[in-house]
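For reference, upload-v5.txt (compact mmCIF, N, CA and C atoms):
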```txt
# COMPACT_ATOMS: atom_id res chain seq x y z
N MET A 1 12.26 -10.61 -4.21
CA MET A 1 11.03 -10.23 -4.85
C MET A 1 9.87 -10.55 -3.91
N ILE A 2 8.90 -9.65 -3.90
CA ILE A 2 7.71 -9.82 -3.07
C ILE A 2 6.51 -10.01 -3.99
N LYS A 3 5.76 -11.09 -3.77
CA LYS A 3 4.52 -11.31 -4.49
C LYS A 3 3.39 -10.93 -3.55
N ILE A 4 2.53 -10.00 -4.00
CA ILE A 4 1.54 -9.42 -3.11
C ILE A 4 0.29 -9.05 -3.90
N LYS A 5 -0.84 -9.13 -3.27
CA LYS A 5 -2.10 -8.72 -3.90
C LYS A 5 -2.12 -7.19 -4.01
N LEU A 6 -2.70 -6.69 -5.08
CA LEU A 6 -2.80 -5.26 -5.28
C LEU A 6 -3.53 -4.58 -4.12
N ILE A 7 -4.54 -5.22 -3.58
CA ILE A 7 -5.28 -4.63 -2.46
C ILE A 7 -4.37 -4.38 -1.26
N ASN A 8 -3.39 -5.24 -1.05
CA ASN A 8 -2.45 -5.05 0.06
C ASN A 8 -1.51 -3.88 -0.20
N ILE A 9 -1.16 -3.68 -1.45
CA ILE A 9 -0.34 -2.51 -1.80
C ILE A 9 -1.14 -1.24 -1.54
N VAL A 10 -2.37 -1.21 -2.03
CA VAL A 10 -3.24 -0.04 -1.86
C VAL A 10 -3.40 0.29 -0.38
N ASN A 11 -3.61 -0.75 0.44
CA ASN A 11 -3.82 -0.55 1.87
C ASN A 11 -2.54 -0.18 2.62
N SER A 12 -1.39 -0.42 2.01
CA SER A 12 -0.12 -0.22 2.73
C SER A 12 0.51 1.15 2.53
N ILE A 13 0.08 1.92 1.56
CA ILE A 13 0.75 3.17 1.21
C ILE A 13 0.90 4.10 2.42
N ASP A 14 -0.20 4.43 3.08
CA ASP A 14 -0.12 5.35 4.23
C ASP A 14 0.71 4.76 5.36
N SER A 15 0.60 3.45 5.55
CA SER A 15 1.36 2.81 6.61
C SER A 15 2.86 2.81 6.33
N LEU A 16 3.24 2.61 5.08
CA LEU A 16 4.66 2.69 4.72
C LEU A 16 5.19 4.10 4.97
N LYS A 17 4.39 5.08 4.67
CA LYS A 17 4.81 6.46 4.92
C LYS A 17 5.00 6.69 6.42
N GLU A 18 4.13 6.11 7.25
CA GLU A 18 4.30 6.21 8.70
C GLU A 18 5.58 5.52 9.15
N MET A 19 5.83 4.35 8.61
CA MET A 19 7.03 3.60 8.98
C MET A 19 8.30 4.36 8.59
N SER A 20 8.21 5.15 7.53
CA SER A 20 9.40 5.89 7.10
C SER A 20 9.78 6.98 8.10
N LYS A 21 8.90 7.28 9.03
CA LYS A 21 9.17 8.30 10.05
C LYS A 21 9.93 7.76 11.26
N LEU A 22 10.13 6.44 11.30
CA LEU A 22 10.87 5.85 12.40
C LEU A 22 12.31 6.33 12.38
N GLY A 23 12.97 6.29 13.51
CA GLY A 23 14.38 6.69 13.57
C GLY A 23 15.27 5.61 13.02
N ILE A 24 15.37 5.54 11.71
CA ILE A 24 16.15 4.50 11.06
C ILE A 24 17.32 5.12 10.30
N ASN A 25 18.28 4.27 9.96
CA ASN A 25 19.47 4.79 9.27
C ASN A 25 19.15 5.20 7.84
N GLY A 26 20.07 5.93 7.24
CA GLY A 26 19.87 6.46 5.91
C GLY A 26 19.66 5.41 4.84
N VAL A 27 20.39 4.30 4.93
CA VAL A 27 20.26 3.22 3.93
C VAL A 27 18.85 2.66 3.96
N THR A 28 18.33 2.39 5.16
CA THR A 28 16.99 1.84 5.29
C THR A 28 15.95 2.87 4.87
N SER A 29 16.15 4.12 5.22
CA SER A 29 15.23 5.18 4.78
C SER A 29 15.16 5.22 3.27
N TYR A 30 16.30 5.12 2.63
CA TYR A 30 16.35 5.13 1.17
C TYR A 30 15.57 3.94 0.61
N LYS A 31 15.80 2.76 1.16
CA LYS A 31 15.10 1.56 0.67
C LYS A 31 13.59 1.70 0.85
N ILE A 32 13.17 2.23 1.99
CA ILE A 32 11.73 2.40 2.22
C ILE A 32 11.16 3.42 1.24
N SER A 33 11.90 4.48 0.96
CA SER A 33 11.41 5.47 0.00
C SER A 33 11.29 4.86 -1.40
N LYS A 34 12.22 3.99 -1.78
CA LYS A 34 12.13 3.29 -3.07
C LYS A 34 10.93 2.35 -3.09
N LEU A 35 10.67 1.68 -1.97
CA LEU A 35 9.52 0.80 -1.87
C LEU A 35 8.21 1.60 -2.00
N ILE A 36 8.15 2.72 -1.32
CA ILE A 36 6.97 3.58 -1.43
C ILE A 36 6.77 4.01 -2.88
N SER A 37 7.85 4.36 -3.55
CA SER A 37 7.77 4.77 -4.95
C SER A 37 7.22 3.66 -5.83
N LYS A 38 7.71 2.43 -5.64
CA LYS A 38 7.22 1.29 -6.42
C LYS A 38 5.75 1.01 -6.12
N CYS A 39 5.37 1.12 -4.85
CA CYS A 39 3.98 0.90 -4.46
C CYS A 39 3.07 1.99 -5.04
N MET A 40 3.57 3.21 -5.09
CA MET A 40 2.79 4.30 -5.66
C MET A 40 2.53 4.09 -7.15
N GLU A 41 3.47 3.50 -7.85
CA GLU A 41 3.25 3.18 -9.27
C GLU A 41 2.06 2.24 -9.41
N GLU A 42 2.01 1.22 -8.56
CA GLU A 42 0.89 0.27 -8.60
C GLU A 42 -0.41 0.94 -8.16
N TYR A 43 -0.31 1.81 -7.15
CA TYR A 43 -1.48 2.53 -6.67
C TYR A 43 -2.04 3.43 -7.78
N ASN A 44 -1.16 4.09 -8.51
CA ASN A 44 -1.61 4.96 -9.60
C ASN A 44 -2.31 4.15 -10.69
N ASN A 45 -1.82 2.94 -10.98
CA ASN A 45 -2.49 2.07 -11.94
C ASN A 45 -3.88 1.70 -11.43
N TYR A 46 -3.98 1.38 -10.14
CA TYR A 46 -5.27 1.08 -9.53
C TYR A 46 -6.21 2.28 -9.66
N ASP A 47 -5.71 3.47 -9.36
CA ASP A 47 -6.53 4.68 -9.40
C ASP A 47 -7.04 4.94 -10.82
N LEU A 48 -6.19 4.75 -11.81
CA LEU A 48 -6.61 4.91 -13.21
C LEU A 48 -7.72 3.92 -13.57
N TYR A 49 -7.53 2.66 -13.14
CA TYR A 49 -8.54 1.64 -13.43
C TYR A 49 -9.85 1.95 -12.73
N ARG A 50 -9.77 2.38 -11.47
CA ARG A 50 -10.98 2.74 -10.71
C ARG A 50 -11.72 3.88 -11.41
N ASN A 51 -10.98 4.88 -11.88
CA ASN A 51 -11.60 6.00 -12.59
C ASN A 51 -12.23 5.54 -13.90
N THR A 52 -11.59 4.58 -14.57
CA THR A 52 -12.17 4.01 -15.79
C THR A 52 -13.50 3.33 -15.48
N LEU A 53 -13.54 2.60 -14.37
CA LEU A 53 -14.79 1.95 -13.96
C LEU A 53 -15.86 2.97 -13.60
N ILE A 54 -15.46 4.05 -12.95
CA ILE A 54 -16.43 5.11 -12.62
C ILE A 54 -17.00 5.70 -13.91
N ASP A 55 -16.14 5.90 -14.91
CA ASP A 55 -16.63 6.40 -16.20
C ASP A 55 -17.58 5.39 -16.85
N LYS A 56 -17.23 4.12 -16.75
CA LYS A 56 -18.04 3.07 -17.36
C LYS A 56 -19.40 2.94 -16.69
N TYR A 57 -19.44 2.96 -15.37
CA TYR A 57 -20.67 2.69 -14.63
C TYR A 57 -21.34 3.94 -14.07
N GLY A 58 -20.76 5.09 -14.35
CA GLY A 58 -21.25 6.30 -13.70
C GLY A 58 -21.98 7.26 -14.61
N GLU A 59 -22.44 8.31 -13.96
CA GLU A 59 -23.08 9.43 -14.64
C GLU A 59 -22.82 10.67 -13.80
N LEU A 60 -23.01 11.82 -14.39
CA LEU A 60 -22.82 13.07 -13.66
C LEU A 60 -23.96 13.28 -12.67
N ASN A 61 -23.61 13.64 -11.44
CA ASN A 61 -24.65 13.95 -10.45
C ASN A 61 -24.98 15.44 -10.51
N GLU A 62 -25.82 15.89 -9.59
CA GLU A 62 -26.24 17.30 -9.60
C GLU A 62 -25.09 18.27 -9.37
N LYS A 63 -24.01 17.80 -8.77
CA LYS A 63 -22.82 18.65 -8.55
C LYS A 63 -21.83 18.55 -9.71
N LYS A 64 -22.27 17.92 -10.79
CA LYS A 64 -21.45 17.74 -12.00
C LYS A 64 -20.21 16.88 -11.75
N GLN A 65 -20.34 15.94 -10.79
CA GLN A 65 -19.27 14.99 -10.51
C GLN A 65 -19.72 13.61 -10.98
N LYS A 66 -18.78 12.84 -11.50
CA LYS A 66 -19.09 11.49 -11.97
C LYS A 66 -19.33 10.60 -10.76
N GLN A 67 -20.43 9.86 -10.76
CA GLN A 67 -20.80 8.99 -9.65
C GLN A 67 -21.38 7.70 -10.22
N VAL A 68 -21.02 6.57 -9.60
CA VAL A 68 -21.52 5.28 -10.06
C VAL A 68 -23.03 5.21 -9.79
N LYS A 69 -23.77 4.81 -10.81
CA LYS A 69 -25.23 4.68 -10.68
C LYS A 69 -25.54 3.55 -9.70
N ASP A 70 -26.57 3.74 -8.89
CA ASP A 70 -26.94 2.74 -7.88
C ASP A 70 -27.13 1.36 -8.48
N GLU A 71 -27.78 1.27 -9.63
CA GLU A 71 -28.04 -0.04 -10.22
C GLU A 71 -26.76 -0.69 -10.77
N CYS A 72 -25.69 0.10 -10.89
CA CYS A 72 -24.42 -0.42 -11.41
C CYS A 72 -23.41 -0.73 -10.29
N LEU A 73 -23.76 -0.40 -9.05
CA LEU A 73 -22.82 -0.62 -7.94
C LEU A 73 -22.33 -2.06 -7.83
N PRO A 74 -23.22 -3.08 -7.91
CA PRO A 74 -22.70 -4.46 -7.81
C PRO A 74 -21.66 -4.79 -8.89
N ALA A 75 -21.91 -4.39 -10.13
CA ALA A 75 -20.95 -4.66 -11.20
C ALA A 75 -19.65 -3.88 -11.00
N PHE A 76 -19.78 -2.62 -10.57
CA PHE A 76 -18.61 -1.79 -10.30
C PHE A 76 -17.74 -2.44 -9.22
N TYR A 77 -18.35 -2.82 -8.08
CA TYR A 77 -17.58 -3.41 -6.99
C TYR A 77 -17.01 -4.78 -7.38
N ASN A 78 -17.73 -5.52 -8.18
CA ASN A 78 -17.22 -6.82 -8.63
C ASN A 78 -15.97 -6.63 -9.50
N ASP A 79 -16.05 -5.70 -10.46
CA ASP A 79 -14.88 -5.44 -11.32
C ASP A 79 -13.70 -4.92 -10.51
N LEU A 80 -13.98 -4.02 -9.56
CA LEU A 80 -12.91 -3.46 -8.74
C LEU A 80 -12.29 -4.52 -7.85
N LYS A 81 -13.13 -5.36 -7.25
CA LYS A 81 -12.63 -6.44 -6.38
C LYS A 81 -11.74 -7.41 -7.18
N GLU A 82 -12.19 -7.73 -8.37
CA GLU A 82 -11.40 -8.63 -9.23
C GLU A 82 -10.03 -8.03 -9.53
N PHE A 83 -9.99 -6.74 -9.83
CA PHE A 83 -8.73 -6.07 -10.12
C PHE A 83 -7.83 -6.01 -8.89
N LEU A 84 -8.41 -5.73 -7.73
CA LEU A 84 -7.62 -5.63 -6.50
C LEU A 84 -7.03 -6.96 -6.06
N ASN A 85 -7.58 -8.06 -6.54
CA ASN A 85 -7.08 -9.38 -6.16
C ASN A 85 -5.99 -9.91 -7.09
N VAL A 86 -5.55 -9.07 -8.00
CA VAL A 86 -4.46 -9.44 -8.91
C VAL A 86 -3.15 -9.52 -8.11
N ASP A 87 -2.34 -10.54 -8.41
CA ASP A 87 -1.03 -10.66 -7.79
C ASP A 87 -0.04 -9.75 -8.50
N ILE A 88 0.72 -9.00 -7.70
CA ILE A 88 1.74 -8.10 -8.21
C ILE A 88 3.09 -8.60 -7.72
N GLU A 89 4.07 -8.58 -8.59
CA GLU A 89 5.43 -8.94 -8.19
C GLU A 89 6.26 -7.67 -8.11
N LEU A 90 6.65 -7.32 -6.90
CA LEU A 90 7.52 -6.16 -6.69
C LEU A 90 8.95 -6.65 -6.59
N LEU A 91 9.83 -6.05 -7.35
CA LEU A 91 11.24 -6.40 -7.28
C LEU A 91 11.83 -5.72 -6.05
N PHE A 92 11.54 -6.34 -4.92
CA PHE A 92 11.96 -5.77 -3.65
C PHE A 92 12.05 -6.87 -2.61
N ASP A 93 12.97 -6.75 -1.69
CA ASP A 93 13.10 -7.72 -0.61
C ASP A 93 12.50 -7.16 0.67
N LYS A 94 12.06 -8.05 1.52
CA LYS A 94 11.49 -7.67 2.81
C LYS A 94 12.55 -7.01 3.69
N PHE A 95 12.14 -6.02 4.49
CA PHE A 95 13.02 -5.36 5.45
C PHE A 95 12.98 -6.10 6.78
N TYR A 96 14.12 -6.19 7.43
CA TYR A 96 14.21 -6.73 8.78
C TYR A 96 14.78 -5.64 9.66
N LEU A 97 14.01 -5.19 10.62
CA LEU A 97 14.44 -4.10 11.49
C LEU A 97 14.41 -4.53 12.95
N PRO A 98 15.32 -3.99 13.75
CA PRO A 98 15.31 -4.32 15.18
C PRO A 98 14.08 -3.70 15.85
N ILE A 99 13.44 -4.49 16.67
CA ILE A 99 12.23 -4.03 17.36
C ILE A 99 12.51 -2.85 18.30
N SER A 100 13.76 -2.69 18.69
CA SER A 100 14.13 -1.63 19.61
C SER A 100 13.88 -0.23 19.04
N ILE A 101 13.81 -0.08 17.72
CA ILE A 101 13.56 1.25 17.16
C ILE A 101 12.12 1.71 17.40
N LEU A 102 11.28 0.79 17.89
CA LEU A 102 9.89 1.13 18.17
C LEU A 102 9.68 1.63 19.60
N GLU A 103 10.74 1.60 20.38
CA GLU A 103 10.65 1.90 21.81
C GLU A 103 9.91 3.20 22.12
N ASN A 104 10.18 4.26 21.44
CA ASN A 104 9.54 5.55 21.73
C ASN A 104 8.57 5.98 20.63
N SER A 105 8.21 5.07 19.74
CA SER A 105 7.31 5.45 18.65
C SER A 105 5.85 5.33 19.09
N LYS A 106 5.01 6.03 18.40
CA LYS A 106 3.58 6.01 18.68
C LYS A 106 2.83 5.52 17.44
N ILE A 107 3.37 4.53 16.79
CA ILE A 107 2.77 3.99 15.57
C ILE A 107 1.59 3.09 15.94
N GLU A 108 0.48 3.30 15.24
CA GLU A 108 -0.73 2.52 15.49
C GLU A 108 -0.56 1.09 14.99
N PRO A 109 -1.18 0.13 15.68
CA PRO A 109 -1.05 -1.28 15.30
C PRO A 109 -1.41 -1.59 13.85
N MET A 110 -2.38 -0.89 13.30
CA MET A 110 -2.79 -1.18 11.91
C MET A 110 -1.63 -0.99 10.92
N HIS A 111 -0.70 -0.08 11.25
CA HIS A 111 0.43 0.14 10.35
C HIS A 111 1.35 -1.08 10.29
N PHE A 112 1.47 -1.79 11.41
CA PHE A 112 2.27 -3.01 11.42
C PHE A 112 1.60 -4.10 10.58
N ILE A 113 0.29 -4.18 10.70
CA ILE A 113 -0.47 -5.17 9.91
C ILE A 113 -0.34 -4.86 8.43
N ASN A 114 -0.54 -3.60 8.07
CA ASN A 114 -0.52 -3.19 6.66
C ASN A 114 0.84 -3.32 6.00
N THR A 115 1.90 -3.31 6.78
CA THR A 115 3.25 -3.38 6.20
C THR A 115 3.96 -4.70 6.47
N SER A 116 3.25 -5.66 7.04
CA SER A 116 3.90 -6.92 7.45
C SER A 116 4.49 -7.71 6.28
N GLU A 117 4.02 -7.47 5.08
CA GLU A 117 4.59 -8.17 3.93
C GLU A 117 5.89 -7.51 3.45
N PHE A 118 6.16 -6.30 3.96
CA PHE A 118 7.35 -5.55 3.57
C PHE A 118 8.38 -5.44 4.69
N ILE A 119 7.90 -5.29 5.92
CA ILE A 119 8.78 -5.01 7.05
C ILE A 119 8.49 -6.01 8.17
N GLU A 120 9.55 -6.61 8.68
CA GLU A 120 9.42 -7.51 9.83
C GLU A 120 10.34 -7.00 10.93
N PHE A 121 9.77 -6.90 12.11
CA PHE A 121 10.56 -6.47 13.27
C PHE A 121 10.99 -7.71 14.03
N ILE A 122 12.29 -7.74 14.35
CA ILE A 122 12.82 -8.92 15.04
C ILE A 122 13.50 -8.49 16.33
N GLU A 123 13.59 -9.42 17.25
CA GLU A 123 14.12 -9.17 18.59
C GLU A 123 15.60 -8.86 18.60
N ASP A 124 16.36 -9.54 17.76
CA ASP A 124 17.81 -9.38 17.78
C ASP A 124 18.21 -7.98 17.34
N GLU A 125 19.27 -7.48 17.93
CA GLU A 125 19.86 -6.23 17.46
C GLU A 125 20.69 -6.57 16.22
N ILE A 126 20.20 -6.17 15.09
CA ILE A 126 20.91 -6.44 13.84
C ILE A 126 21.08 -5.14 13.09
N GLU A 127 21.79 -5.22 12.00
CA GLU A 127 21.85 -4.08 11.12
C GLU A 127 20.45 -3.83 10.60
N GLU A 128 20.11 -2.58 10.39
CA GLU A 128 18.77 -2.25 9.97
C GLU A 128 18.46 -2.73 8.56
N SER A 129 19.44 -3.01 7.77
CA SER A 129 19.17 -3.56 6.45
C SER A 129 19.95 -4.85 6.32
N ARG A 130 19.24 -5.92 6.33
CA ARG A 130 19.83 -7.25 6.30
C ARG A 130 20.30 -7.60 4.92
```
For the file at hand, write its structure as structure tokens.
Amino acid sequence: MIKIKLINIVNSIDSLKEMSKLGINGVTSYKISKLISKCMEEYNNYDLYRNTLIDKYGELNEKKQKQVKDECLPAFYNDLKEFLNVDIELLFDKFYLPISILENSKIEPMHFINTSEFIEFIEDEIEESR
């Protein structure tokens, strides 16, 4: 089980999708796809809550789109920040992958940072799913 802040899940979605493009075996690909699915559930909950806050603190602009009123921005961001700092327990174990699979990849460093709570690259040649 992984205990993680919601903000880290939100920030990791695109990075997990990038990591899924690595040349990894089918078992690990499957596990990563399941992890992405679980993270997307949490992301969708975040998105619903954010939209609720926009409804609460917003009004229609000239383009008929809901927008948070300037005077409500501090309260909106405070509520959103509080929600993003909630601890989430994902029923998932961390991945351990051999660093050698990165040899020819062009993955940006931020993706490693964003997924470090889910995926750890180690020096030893091991099975891709520990």
Per-residue nearest contacts of stretch 40-123 of chain A to stretch 1-11 of chain A (7 Å; all atoms listed in the file) as a tab-separated table:
```
residue	atom	partner	partner_atom	distance
A:Glu42	C	A:Val10	N	6.8
A:Tyr43	CA	A:Val10	CA	5.7
A:Phe83	C	A:Leu6	CA	6.2
A:Leu84	C	A:Ile7	N	3.9
A:Asn85	C	A:Leu6	N	5.0
A:Val86	C	A:Leu6	N	4.2
A:Asp87	CA	A:Ile4	C	4.4
A:Ile88	N	A:Ile4	C	3.8
A:Glu89	CA	A:Ile2	C	4.5
A:Leu90	N	A:Ile2	C	4.0
A:Leu91	CA	A:Met1	CA	4.5
A:Phe92	N	A:Met1	CA	3.9
A:Asp93	N	A:Met1	N	4.7
A:Lys94	N	A:Met1	N	6.3
A:Asn114	CA	A:Asn11	C	5.4
A:Thr115	N	A:Asn11	C	6.8
```
Residue with the minimum atom-to-atom distance to A:Glu123, picked from A:His111, A:Pro98, A:Lys81, A:Glu103 with all atoms listed in the file counted, is A:Pro98
Residue with the minimum atom-to-atom distance to A:Pro109, picked from A:Leu97, A:Lys38, A:Ser15, A:Phe76 with only C-alpha atoms counted, is A:Ser15
List the residues sitting within 9 Å of (-14.1, 5.0, -13.5) in the file's frame, using only C-alpha atoms, as a list in words.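 All residues meeting the 9 Å criterion around (-14.1, 5.0, -13.5) are Asp47, Leu48, Tyr49, Arg50, Asn51, Thr52, Leu53, Ile54, Asp55, Lys56, Tyr57, Gly58, Lys66, Gln67, Val68 and Phe76 of chain A.
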If we count only C-alpha atoms, what is near A:Tyr96 at a cut-off of 6 Å, once residues fewer than 4 positions away on the same chain are taken out, given as a PyMOL selection string? chain A and resi 119-121
If you run DSSP on the backbone, which residues of chain A are strand (DSSP E or B), as a PyMOL selection string? chain A and resi 2-5+58-60+66-68+87-90+95-98+119-122
Would you save the residues from that selection as a PDB file, in the coordinates of the input, using N, CA and C atoms?
```pdb
ATOM      1  N   ILE A   2       8.900  -9.650  -3.900  1.00  0.00           N
ATOM      2  CA  ILE A   2       7.710  -9.820  -3.070  1.00  0.00           C
ATOM      3  C   ILE A   2       6.510 -10.010  -3.990  1.00  0.00           C
ATOM      4  N   LYS A   3       5.760 -11.090  -3.770  1.00  0.00           N
ATOM      5  CA  LYS A   3       4.520 -11.310  -4.490  1.00  0.00           C
ATOM      6  C   LYS A   3       3.390 -10.930  -3.550  1.00  0.00           C
ATOM      7  N   ILE A   4       2.530 -10.000  -4.000  1.00  0.00           N
ATOM      8  CA  ILE A   4       1.540  -9.420  -3.110  1.00  0.00           C
ATOM      9  C   ILE A   4       0.290  -9.050  -3.900  1.00  0.00           C
ATOM     10  N   LYS A   5      -0.840  -9.130  -3.270  1.00  0.00           N
ATOM     11  CA  LYS A   5      -2.100  -8.720  -3.900  1.00  0.00           C
ATOM     12  C   LYS A   5      -2.120  -7.190  -4.010  1.00  0.00           C
ATOM     13  N   GLY A  58     -20.760   5.090 -14.350  1.00  0.00           N
ATOM     14  CA  GLY A  58     -21.250   6.300 -13.700  1.00  0.00           C
ATOM     15  C   GLY A  58     -21.980   7.260 -14.610  1.00  0.00           C
ATOM     16  N   GLU A  59     -22.440   8.310 -13.960  1.00  0.00           N
ATOM     17  CA  GLU A  59     -23.080   9.430 -14.640  1.00  0.00           C
ATOM     18  C   GLU A  59     -22.820  10.670 -13.800  1.00  0.00           C
ATOM     19  N   LEU A  60     -23.010  11.820 -14.390  1.00  0.00           N
ATOM     20  CA  LEU A  60     -22.820  13.070 -13.660  1.00  0.00           C
ATOM     21  C   LEU A  60     -23.960  13.280 -12.670  1.00  0.00           C
ATOM     22  N   LYS A  66     -18.780  12.840 -11.500  1.00  0.00           N
ATOM     23  CA  LYS A  66     -19.090  11.490 -11.970  1.00  0.00           C
ATOM     24  C   LYS A  66     -19.330  10.600 -10.760  1.00  0.00           C
ATOM     25  N   GLN A  67     -20.430   9.860 -10.760  1.00  0.00           N
ATOM     26  CA  GLN A  67     -20.800   8.990  -9.650  1.00  0.00           C
ATOM     27  C   GLN A  67     -21.380   7.700 -10.220  1.00  0.00           C
ATOM     28  N   VAL A  68     -21.020   6.570  -9.600  1.00  0.00           N
ATOM     29  CA  VAL A  68     -21.520   5.280 -10.060  1.00  0.00           C
ATOM     30  C   VAL A  68     -23.030   5.210  -9.790  1.00  0.00           C
ATOM     31  N   ASP A  87      -2.340 -10.540  -8.410  1.00  0.00           N
ATOM     32  CA  ASP A  87      -1.030 -10.660  -7.790  1.00  0.00           C
ATOM     33  C   ASP A  87      -0.040  -9.750  -8.500  1.00  0.00           C
ATOM     34  N   ILE A  88       0.720  -9.000  -7.700  1.00  0.00           N
ATOM     35  CA  ILE A  88       1.740  -8.100  -8.210  1.00  0.00           C
ATOM     36  C   ILE A  88       3.090  -8.600  -7.720  1.00  0.00           C
ATOM     37  N   GLU A  89       4.070  -8.580  -8.590  1.00  0.00           N
ATOM     38  CA  GLU A  89       5.430  -8.940  -8.190  1.00  0.00           C
ATOM     39  C   GLU A  89       6.260  -7.670  -8.110  1.00  0.00           C
ATOM     40  N   LEU A  90       6.650  -7.320  -6.900  1.00  0.00           N
ATOM     41  CA  LEU A  90       7.520  -6.160  -6.690  1.00  0.00           C
ATOM     42  C   LEU A  90       8.950  -6.650  -6.590  1.00  0.00           C
ATOM     43  N   PHE A  95      12.140  -6.020   4.490  1.00  0.00           N
ATOM     44  CA  PHE A  95      13.020  -5.360   5.450  1.00  0.00           C
ATOM     45  C   PHE A  95      12.980  -6.100   6.780  1.00  0.00           C
ATOM     46  N   TYR A  96      14.120  -6.190   7.430  1.00  0.00           N
ATOM     47  CA  TYR A  96      14.210  -6.730   8.780  1.00  0.00           C
ATOM     48  C   TYR A  96      14.780  -5.640   9.660  1.00  0.00           C
ATOM     49  N   LEU A  97      14.010  -5.190  10.620  1.00  0.00           N
ATOM     50  CA  LEU A  97      14.440  -4.100  11.490  1.00  0.00           C
ATOM     51  C   LEU A  97      14.410  -4.530  12.950  1.00  0.00           C
ATOM     52  N   PRO A  98      15.320  -3.990  13.750  1.00  0.00           N
ATOM     53  CA  PRO A  98      15.310  -4.320  15.180  1.00  0.00           C
ATOM     54  C   PRO A  98      14.080  -3.700  15.850  1.00  0.00           C
ATOM     55  N   ILE A 119       7.900  -5.290   5.920  1.00  0.00           N
ATOM     56  CA  ILE A 119       8.780  -5.010   7.050  1.00  0.00           C
ATOM     57  C   ILE A 119       8.490  -6.010   8.170  1.00  0.00           C
ATOM     58  N   GLU A 120       9.550  -6.610   8.680  1.00  0.00           N
ATOM     59  CA  GLU A 120       9.420  -7.510   9.830  1.00  0.00           C
ATOM     60  C   GLU A 120      10.340  -7.000  10.930  1.00  0.00           C
ATOM     61  N   PHE A 121       9.770  -6.900  12.110  1.00  0.00           N
ATOM     62  CA  PHE A 121      10.560  -6.470  13.270  1.00  0.00           C
ATOM     63  C   PHE A 121      10.990  -7.710  14.030  1.00  0.00           C
ATOM     64  N   ILE A 122      12.290  -7.740  14.350  1.00  0.00           N
ATOM     65  CA  ILE A 122      12.820  -8.920  15.040  1.00  0.00           C
ATOM     66  C   ILE A 122      13.500  -8.490  16.330  1.00  0.00           C
TER      67      ILE A 122
END
```
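Rounded to one decimal, atom CA of A:Tyr46 and atom CA of A:Ala75 lie 16.8 Å from each other.
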Alpha helix (DSSP H) residues, from DSSP on the backbone, in stretch 6-88 of chain A, as a PyMOL selection string: chain A and resi 6-19+26-57+73-84
Could you jot down the atom C of A:Lys64 to atom N of A:Tyr77 separation for me, Å, one decimal place?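 Result for atom C of A:Lys64 versus atom N of A:Tyr77: 20.1 Å, one decimal.
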Box along x, y and z, 3 Å on every side, all listed atoms of stretch 65-73 of chain A inside: centre and edge lengths in Å to one decimal, as lines of an AutoDock Vina configuration file.
```
center_x = -23.4
center_y = 6.9
center_z = -9.9
size_x = 15.3
size_y = 24.0
size_z = 10.1
```
Considering only N, CA and C atoms, can you say which of A:Ile113, A:Ile122, A:Lys31, A:Leu80 comes closest to A:Ile99? A:Ile122
